[in-house]
Amino acid sequence: MRARFPKPVGGAPPEAVLVNTAGGLTGGDRIEVDVALAACAAATVTTAAAEKIYRARDDEAAIRVKIAVGPGARLGWLPQPTILFDRAAFDRATEIELAGDAGFLGVEMLIFGRTAMGEDVRHGVYRDRWRVRRDGALVFADTFRAAGAIAGILDRKATLDGARASATLLYAAPDAPARLDEVRAMLRGCGSVAGASAWNGLLAVRALAQDGRTLQCDIGPLAAALSGRPLPRVWQC
């Protein structure tokens, strides 16, 4: 892994671009990412490209993310999508610690096979866990798990209803509840099936689409509006 620090656009806060020089992950690979912002700091962290999770012969690929945002600080955690290939085995856990008035905007997009390439994920293992704490108290917990014949699981009405791309956007900030109507208005007419809710000082958006491009086109404007600054340049590459 490497981190690059391009010049921010138009006076935006510093930006870190994480680069996986291996080009993807497979069974047995491990990545740990630690991000910490001191009081009143501001930054955006993204990735240089979509993270690809390839077929695993044995064991699982794993990513562990730990984020700490200090008092009055603001962090944008905006990685590009994660793409799963058929028979991938992947486990990801994201732990976020926020000070009382800290601001956090996080996006995770997951694509089950590249539809433009005629790919689908028929079998595999996928686990994704989010835990968010504010001043030590748990305010958000979410787990997505699918294993075995994944295609059949994703086709169920109660899961992805046949979609092959999903996204979670989480905005944690003092003004989060007040921005719910704005976010719902932006979702009207979008190409994804999406909804937004607010509680516990958080605003969460879920979105499903048939392909990753549709999903990113719908989620990108939301992330830019909530952060109040342009998306990282790598999102347009």
# chains A, B, ... in the order shown; residues from 1 in each chain; ligands from 1
$ residues_around --residues "stretch 51-67 of chain A" --least-positions-apart "4" --cutoff "6 Å" --atoms "only C-alpha atoms" --output "PyMOL selection string"
chain A and resi 24-36+82-85+87-96
$ select_by_dssp --residues "stretch 137-179 of chain A" --states "alpha helix (DSSP H)" --output "list in words"
Ile150, Ala151, Gly152, Ile153 and Leu154 of chain A
$ select_by_dssp --residues "stretch 72-232 of chain A" --states "strand (DSSP E)" --output "NGL selection string"
:A and (74-78 or 82-84 or 89-98 or 103-112 or 124-134 or 137-148 or 165-172 or 193-199 or 202-209)
$ atom_distance --atom1 "atom CA of A:Ala137" --atom2 "atom CA of A:Asn200"
10.7 Å
$ residues_around --residues "A:Ala194" --least-positions-apart "2" --cutoff "12 Å" --atoms "only C-alpha atoms" --output "PyMOL selection string"
chain A and resi 160+163+165-169+183-192+196-197+204-209+214-215+218-219+222
$ atom_distance --atom1 "atom CA of A:Leu18" --atom2 "atom CA of A:Pro232"
12.0 Å
$ atom_distance --atom1 "atom CA of A:Val132" --atom2 "atom CA of A:Arg229"
23.4 Å
$ closest_residue --among "A:Arg127, A:Arg134, A:Arg2, A:Arg122" --to "A:Gly103" --atoms "only C-alpha atoms"
A:Arg134
$ residues_around --residues "stretch 141-144 of chain A" --least-positions-apart "2" --cutoff "8 Å" --atoms "only C-alpha atoms" --output "ChimeraX atom specification"
/A:126-132,138-139,146
$ closest_residue --among "A:Gly106, A:Ala198, A:Phe5, A:Gly152" --to "A:Arg164" --atoms "only C-alpha atoms"
A:Gly152
$ residues_around --residues "A:Pro177" --least-positions-apart "6" --cutoff "7 Å" --atoms "only C-alpha atoms" --output "PyMOL selection string"
chain A and resi 198-199+201-203
$ write_last_selection --atoms "C-alpha atoms" --output "compact mmCIF listing (two decimals), in the first residue's frame"
# COMPACT_ATOMS: atom_id res chain seq x y z
CA ALA A 198 -31.89 9.98 10.21
CA TRP A 199 -31.51 9.08 13.89
CA GLY A 201 -27.35 12.34 15.03
CA LEU A 202 -26.73 10.27 11.89
CA LEU A 203 -28.05 10.33 8.36
$ residues_around --residues "A:Pro230" --least-positions-apart "5" --cutoff "10 Å" --atoms "only C-alpha atoms" --output "list of chain:residue names"
A:Pro8, A:Val9, A:Gly10, A:Ala12, A:Gly220, A:Pro221, A:Ala223, A:Ala224, A:Ala225
$ write_last_selection --atoms "C-alpha atoms" --output "short mmCIF file (atom, residue, chain, number, x, y, z; two decimals), in the first residue's frame"
data_model
loop_
_atom_site.label_atom_id
_atom_site.label_comp_id
_atom_site.auth_asym_id
_atom_site.auth_seq_id
_atom_site.Cartn_x
_atom_site.Cartn_y
_atom_site.Cartn_z
CA PRO A 8 -6.33 19.93 -3.16
CA VAL A 9 -8.81 21.56 -5.53
CA GLY A 10 -9.87 25.15 -4.82
CA ALA A 12 -10.28 22.08 -0.18
CA GLY A 220 -21.50 11.04 -5.92
CA PRO A 221 -23.68 14.18 -5.89
CA ALA A 223 -21.40 12.98 -1.07
CA ALA A 224 -20.39 16.30 -2.66
CA ALA A 225 -23.44 18.11 -1.25
#
$ closest_residue --among "A:Gly148, A:Pro6, A:Pro81, A:Gly76" --to "A:Tyr171" --atoms "only C-alpha atoms"
A:Gly76
